[in-house]
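A.B. asks: This is the content of final_25.csv (CSV, C-alpha atoms and all ligand atoms):
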chain,number,residue,atom,x,y,z
F,1,MET,CA,0.0,0.0,0.0
F,2,ARG,CA,2.7,2.5,-1.1
F,3,GLY,CA,1.6,6.1,-1.7
F,4,LYS,CA,1.4,7.1,-5.3
F,5,GLN,CA,3.6,9.9,-6.5
F,6,PRO,CA,1.5,13.0,-5.9
F,7,ASP,CA,0.1,14.8,-9.1
F,8,ARG,CA,1.8,18.2,-9.4
F,9,ARG,CA,-1.5,20.0,-10.3
F,10,LEU,CA,-3.4,18.4,-7.4
F,11,CYS,CA,-0.5,19.3,-5.1
F,12,PHE,CA,-1.0,23.0,-6.1
F,13,TYR,CA,-4.7,23.0,-5.2
F,14,ASP,CA,-4.2,21.0,-2.1
F,15,LEU,CA,-1.6,23.5,-1.0
F,16,LEU,CA,-3.9,26.5,-1.7
F,17,ASP,CA,-6.6,24.8,0.4
F,18,ALA,CA,-4.2,24.0,3.2
F,19,LEU,CA,-3.1,27.7,3.3
F,20,ARG,CA,-6.7,28.6,4.3
F,21,GLN,CA,-6.7,26.3,7.3
F,22,PRO,CA,-5.3,27.4,10.7
F,23,GLY,CA,-1.8,26.3,11.6
F,24,CYS,CA,1.0,25.0,9.4
F,25,PRO,CA,-0.2,24.0,5.9
F,26,LEU,CA,2.4,21.2,5.6
F,27,CYS,CA,1.5,19.8,9.1
F,28,HIS,CA,-2.1,19.9,7.9
F,29,LEU,CA,-1.3,18.1,4.6
F,30,ALA,CA,0.9,15.5,6.3
F,31,ALA,CA,-1.9,14.7,8.8
F,32,GLU,CA,-4.5,14.4,6.1
F,33,ALA,CA,-2.3,12.0,4.1
F,34,SER,CA,-1.8,9.8,7.1
F,35,GLU,CA,-5.5,9.9,7.9
F,36,ARG,CA,-6.3,8.7,4.3
F,37,TRP,CA,-3.7,6.0,4.5
F,38,LEU,CA,-5.0,4.7,7.8
F,39,ARG,CA,-8.6,4.8,6.8
F,40,SER,CA,-7.7,2.8,3.7
F,41,LEU,CA,-5.8,0.4,5.8
F,42,PHE,CA,-8.6,-0.3,8.3
F,43,HIS,CA,-11.5,-0.2,5.8
F,44,GLU,CA,-10.0,-2.1,2.8
F,45,GLN,CA,-6.5,-3.5,3.4
F,46,VAL,CA,-6.5,-5.3,6.8
F,47,THR,CA,-6.2,-8.7,5.1
F,48,ASP,CA,-4.4,-7.5,1.9
F,49,ALA,CA,-1.3,-9.7,1.5
F,50,GLU,CA,0.9,-6.9,0.2
F,51,THR,CA,0.0,-4.5,3.0
F,52,ARG,CA,0.5,-7.2,5.6
F,53,LEU,CA,4.0,-7.8,4.2
F,54,LEU,CA,4.8,-4.1,4.2
F,55,LEU,CA,3.7,-3.7,7.8
F,56,ARG,CA,5.7,-6.8,8.9
F,57,ARG,CA,8.8,-5.4,7.1
F,58,GLN,CA,8.5,-2.0,8.7
F,59,GLY,CA,7.7,-3.4,12.1
F,60,ALA,CA,5.6,-0.7,13.8
F,61,PHE,CA,4.2,2.9,13.7
F,62,CYS,CA,6.0,5.6,15.6
F,63,ALA,CA,4.3,7.0,18.8
F,64,ARG,CA,2.6,9.8,17.0
F,65,HIS,CA,1.1,7.6,14.3
F,66,THR,CA,0.3,4.9,16.8
F,67,GLU,CA,-2.0,7.4,18.5
F,68,GLN,CA,-3.5,8.3,15.1
F,69,ALA,CA,-4.0,4.6,14.2
F,70,LEU,CA,-5.8,4.0,17.6
F,71,ARG,CA,-8.1,6.9,16.8
F,72,THR,CA,-8.8,5.7,13.3
F,73,GLY,CA,-8.8,1.9,13.5
F,74,ASP,CA,-11.5,-0.4,14.9
F,75,PRO,CA,-10.9,-3.1,17.5
F,76,LEU,CA,-11.2,-6.0,15.0
F,77,GLY,CA,-8.8,-4.6,12.4
F,78,SER,CA,-6.4,-3.5,15.1
F,79,SER,CA,-6.4,-6.9,16.6
F,80,ILE,CA,-5.6,-8.5,13.3
F,81,ILE,CA,-2.8,-6.1,12.5
F,82,TYR,CA,-1.2,-5.8,16.0
F,83,GLY,CA,-1.6,-9.5,16.7
F,84,ASP,CA,0.4,-10.2,13.5
F,85,LEU,CA,3.0,-7.5,14.3
F,86,ALA,CA,3.4,-8.8,17.9
F,87,ARG,CA,4.0,-12.3,16.6
F,88,CYS,CA,6.6,-11.1,14.1
F,89,ALA,CA,8.4,-9.1,16.9
F,90,LEU,CA,8.3,-12.2,19.1
F,91,ASP,CA,9.8,-14.4,16.3
F,92,ALA,CA,12.7,-12.0,16.1
F,93,PHE,CA,13.0,-11.4,19.8
F,94,PRO,CA,15.4,-10.3,21.3
F,95,ALA,CA,17.0,-9.0,18.1
F,96,LYS,CA,17.6,-5.3,17.8
F,97,TRP,CA,14.2,-3.5,17.5
F,98,ASN,CA,14.5,-1.0,14.6
F,99,PRO,CA,11.0,-0.3,13.2
F,100,LYS,CA,10.5,2.2,10.4
F,101,CYS,CA,7.1,3.9,10.6
F,102,PRO,CA,5.4,3.5,7.1
F,103,LEU,CA,3.4,6.6,7.8
F,104,CYS,CA,6.4,8.8,8.5
F,105,GLU,CA,7.9,7.6,5.2
F,106,GLN,CA,4.6,8.3,3.4
F,107,GLU,CA,4.5,11.8,5.0
F,108,GLU,CA,8.0,12.5,3.8
F,109,GLN,CA,7.0,11.7,0.3
F,110,VAL,CA,4.0,14.0,0.5
F,111,LEU,CA,6.0,16.8,2.2
F,112,GLY,CA,8.7,16.6,-0.5
F,113,ALA,CA,6.2,17.2,-3.2
F,114,MET,CA,4.5,20.0,-1.3
F,115,ARG,CA,7.7,21.8,-0.5
F,116,ASN,CA,8.6,21.8,-4.2
F,117,THR,CA,5.1,23.1,-5.1
F,118,LEU,CA,5.3,25.9,-2.5
F,119,LEU,CA,8.7,27.0,-3.8
F,120,ASP,CA,7.6,26.7,-7.4
F,121,HIS,CA,4.7,29.1,-6.8
F,122,ILE,CA,5.6,31.4,-3.9
F,123,GLU,CA,6.7,34.2,-6.2
F,124,GLU,CA,3.3,34.4,-7.9
F,125,GLU,CA,1.3,37.3,-6.6
F,126,ASP,CA,-1.9,35.4,-5.6
F,127,VAL,CA,0.0,32.5,-3.9
F,128,ARG,CA,2.2,35.0,-2.0
F,129,VAL,CA,-0.9,36.9,-0.8
F,130,ASP,CA,-2.6,33.6,0.4
F,131,TYR,CA,0.7,32.7,2.1
F,132,GLU,CA,0.9,36.0,3.8
F,133,ALA,CA,-2.7,35.7,5.1
F,134,SER,CA,-2.0,32.2,6.5
F,135,ASP,CA,-0.2,31.1,9.7
F,136,GLY,CA,2.7,30.1,7.5
F,137,LEU,CA,5.0,27.1,8.0
F,138,CYS,CA,6.0,25.8,11.4
F,139,LEU,CA,9.7,26.2,12.0
F,140,PRO,CA,10.6,22.5,11.5
F,141,HIS,CA,8.9,22.5,8.1
F,142,LEU,CA,10.3,26.0,7.2
F,143,TYR,CA,13.8,24.8,7.8
F,144,GLY,CA,13.1,21.7,5.8
F,145,THR,CA,11.8,23.7,2.9
F,146,VAL,CA,14.4,26.5,2.6
F,147,GLY,CA,17.4,24.2,3.2
F,148,ARG,CA,20.5,26.3,3.3
F,149,GLY,CA,18.7,29.3,1.9
F,150,ARG,CA,20.6,29.6,-1.4
F,151,ASP,CA,17.5,29.3,-3.5
F,152,PRO,CA,16.2,32.9,-4.2
F,153,ARG,CA,12.7,31.6,-3.9
F,154,ALA,CA,13.5,30.7,-0.3
F,155,ASP,CA,14.2,34.4,0.3
F,156,VAL,CA,10.6,35.3,-0.4
F,157,LEU,CA,9.4,32.7,2.2
F,158,LEU,CA,12.0,33.8,4.7
F,159,ALA,CA,11.1,37.5,4.5
F,160,ILE,CA,7.4,36.7,5.0
F,161,GLU,CA,8.2,34.3,7.9
F,162,ARG,CA,10.5,36.8,9.6
F,163,GLY,CA,7.5,39.2,9.8
F,164,LYS,CA,5.2,36.5,11.1
F,165,ILE,CA,7.6,35.4,13.9
F,166,ASP,CA,8.3,39.0,14.9
F,167,ALA,CA,4.5,39.7,15.0
F,168,LEU,CA,3.9,36.5,17.2
F,169,SER,CA,6.7,37.6,19.6
F,170,ARG,CA,5.2,41.1,19.9
F,171,GLU,CA,1.7,39.8,20.4
F,172,CYS,CA,2.8,37.4,23.2
F,173,ALA,CA,4.6,40.4,24.8
F,174,GLY,CA,1.4,42.4,24.4
F,175,PHE,CA,-0.6,39.7,26.2
F,176,VAL,CA,2.0,39.6,29.1
F,177,ALA,CA,1.9,43.4,29.4
F,178,LYS,CA,-1.9,43.6,29.4
F,179,SER,CA,-2.1,40.8,32.0
F,180,HIS,CA,-0.4,43.0,34.6
F,181,TYR,CA,-2.9,44.2,37.2
F,182,ASP,CA,-1.4,47.7,37.1
F,183,HIS,CA,-1.8,48.1,33.4
F,184,PRO,CA,-4.8,46.0,32.3
F,185,GLY,CA,-5.8,46.6,28.7
F,186,GLU,CA,-8.1,45.2,26.1
F,187,LEU,CA,-6.4,42.4,24.2
F,188,THR,CA,-6.3,42.5,20.4
F,189,ARG,CA,-7.6,39.4,18.7
F,190,GLY,CA,-4.0,38.5,17.7
F,191,GLU,CA,-2.8,39.0,21.3
F,192,ALA,CA,-5.5,36.7,22.7
F,193,THR,CA,-4.4,33.7,20.5
F,194,ALA,CA,-0.7,34.4,20.0
F,195,TRP,CA,0.4,31.9,22.6
F,196,ARG,CA,-1.2,29.0,20.8
F,197,ARG,CA,-0.1,30.1,17.4
F,198,ALA,CA,3.5,30.7,18.7
F,199,ALA,CA,3.6,27.2,20.3
F,200,ARG,CA,2.5,25.7,16.9
F,201,LYS,CA,4.9,27.9,14.9
F,202,LEU,CA,7.8,26.6,17.0
F,203,GLY,CA,6.8,23.0,17.4
F,204,GLY,CA,4.5,22.3,14.5
F,205,GLY,CA,0.9,21.4,14.3
F,206,HIS,CA,-2.4,22.6,12.7
F,207,GLY,CA,-5.9,23.5,13.8
F,208,ASN,CA,-7.1,26.3,16.0
Z,301,ZN,ZN,4.5,22.1,9.9
Z,302,ZN,ZN,5.3,7.9,12.1
Represent the structure from my file as structure tokens, please.
Ligand SMILES: [Zn+2]
Ligand SMILES: [Zn+2]
C.D. replies:
Amino acid sequence: MRGKQPDRRLCFYDLLDALRQPGCPLCHLAAEASERWLRSLFHEQVTDAETRLLLRRQGAFCARHTEQALRTGDPLGSSIIYGDLARCALDAFPAKWNPKCPLCEQEEQVLGAMRNTLLDHIEEEDVRVDYEASDGLCLPHLYGTVGRGRDPRADVLLAIERGKIDALSRECAGFVAKSHYDHPGELTRGEATAWRRAARKLGGGHGN
């Protein structure tokens, strides 16, 4: 159940849609891709021989995707899959445990395509405007996208992101200043939510 190479045109529209969601667009797209993969696994592929082989070869999901699998899967499908994986782990026990999460690999494939799509289009006026209006990339995905910053297209992203990070820092400071009993003040909408957006900007994540 390998992911197909993403279609470049579909990537562009998916990216535009993700820019309109709260939080990092790449975190949003990665989570969506994993959700699709897991739904397909539990609804159609539980007994598929190729998928079972893939899961046995990879060994296990990482902690983040294990939680997502527990939310998405049903007790019967999970019992079939995890019973099989536990048996494989026992057969190899106590050999070195070195699982490779198939969903992290799938996400990397999606993210690679989306990073290229973003860089390919960021200099276009309408995409730049949408990007400026969004929460922008989380720092882990920003650094993963701009690399060493030698690509001139990365300069556009970095300039926008510098402004976003500066605004978040100022809004958090505004919240702190207005929380003081000596100088209470009415919070702006940005100041009221900056702490959540700053946490996600630094660590990654999507949603409100
Ligand atoms: Zn992200
Ligand atoms: Zn994973």
A.B. asks: For ligand ZN 301 (chain Z), collect every residue having any atom at a distance of at most 9 Å from a ligand atom (counting all atoms listed in the file); output as a list in words.
C.D. replies: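 Using all atoms listed in the file, I find these residues within 9 Å of ligand ZN 301 (chain Z): Gly23, Cys24, Pro25, Leu26, Cys27, His28, Leu29, Ala30, Gly136, Leu137, Cys138, Leu139, Pro140, His141, Leu142, Arg200, Lys201, Gly203, Gly204, Gly205 and His206 of chain F.
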A.B. asks: Name all residues at most 9 Å from segment 110-123 of chain F (count all atoms listed in the file; drop same-chain ones fewer than 4 positions away) and give them as a PyMOL selection string.
C.D. replies: chain F and resi 3+5-9+11-12+14-15+26-27+29-30+33+105-106+127-128+131+141+144-146+153-154+156-157
A.B. asks: From the set F:Glu107, F:Glu35, F:Asp130, F:Glu124, which residue has the shortest atom-to-atom contact distance to Asp17 of chain F, counting only C-alpha atoms?
C.D. replies: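 Once distances to Asp17 of chain F are computed over only C-alpha atoms, the minimum belongs to F:Asp130.
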A.B. asks: Would you compute the distance between atom CA of Lys100 of chain F and atom CA of Gln58 of chain F? Give it in Å to one decimal.
C.D. replies: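 Answer for the atom CA of Lys100 of chain F to atom CA of Gln58 of chain F separation: 5.0 Å.
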A.B. asks: Write out as an mmCIF file with C-alpha atoms, in the coordinates of the input which residues come within 6 Å of segment 187-197 of chain F when counting all atoms listed in the file, dropping same-chain ones fewer than 6 positions away.
C.D. replies:
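Output saved as part.cif:
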data_model
loop_
_atom_site.group_PDB
_atom_site.id
_atom_site.type_symbol
_atom_site.label_atom_id
_atom_site.label_comp_id
_atom_site.auth_asym_id
_atom_site.auth_seq_id
_atom_site.Cartn_x
_atom_site.Cartn_y
_atom_site.Cartn_z
ATOM 1 C CA LEU F 168 3.900 36.500 17.200
ATOM 2 C CA GLU F 171 1.700 39.800 20.400
ATOM 3 C CA CYS F 172 2.800 37.400 23.200
ATOM 4 C CA PHE F 175 -0.600 39.700 26.200
#
A.B. asks: Can you tell me, as a ChimeraX atom specification, what residues are no more than 12 Å from Pro102 of chain F when counting all atoms listed in the file, ignoring any on the same chain fewer than 4 positions away?
C.D. replies: /F:1-3,33-34,37-38,41,51-62,65-66,69,106-109
A.B. asks: Could you check how far atom ZN of ligand ZN 302 (chain Z) sits from atom CA of Leu103 of chain F, in Å to one decimal?
C.D. replies: 4.9 Å
A.B. asks: Rounded to one decimal place, report the atom CA of Glu32 of chain F-atom CA of Gly77 of chain F distance in Å.
C.D. replies: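 Answer for the atom CA of Glu32 of chain F to atom CA of Gly77 of chain F separation: 20.5 Å.
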A.B. asks: Rank nothing, just name the residue among F:Pro22, F:Cys101, F:Leu70, F:Arg87 nearest to ligand ZN 302 (chain Z), using only C-alpha atoms and all ligand atoms.
C.D. replies: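 Checking each candidate against ligand ZN 302 (chain Z), we get F:Cys101 as the closest.
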A.B. asks: F:Leu10, F:Ala49, F:Ala167, F:Ala63: which is nearest ligand ZN 302 (chain Z), counting only C-alpha atoms and all ligand atoms?
C.D. replies: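 Using only C-alpha atoms and all ligand atoms, the shortest distance to ligand ZN 302 (chain Z) belongs to F:Ala63.
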A.B. asks: Could you check which of F:Gln68, F:Gln21, F:Thr47, F:Ser79 is closest to ligand ZN 302 (chain Z), using all atoms listed in the file?
C.D. replies: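 When distances to ligand ZN 302 (chain Z) are compared using all atoms listed in the file, the smallest one comes from F:Gln68.
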A.B. asks: Using all atoms listed in the file, which residue out of F:Glu186, F:Ser40, F:Trp97, F:Thr72 lies closest to Gly174 of chain F?
C.D. replies: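 Closest to Gly174 of chain F, using all atoms listed in the file: F:Glu186.
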A.B. asks: Which is closer to ligand ZN 302 (chain Z) than all the others in F:Leu85, F:Ala95, F:Ala177, F:Cys104, using all atoms listed in the file?
C.D. replies: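 Among the listed residues, the smallest separation from ligand ZN 302 (chain Z) belongs to F:Cys104.
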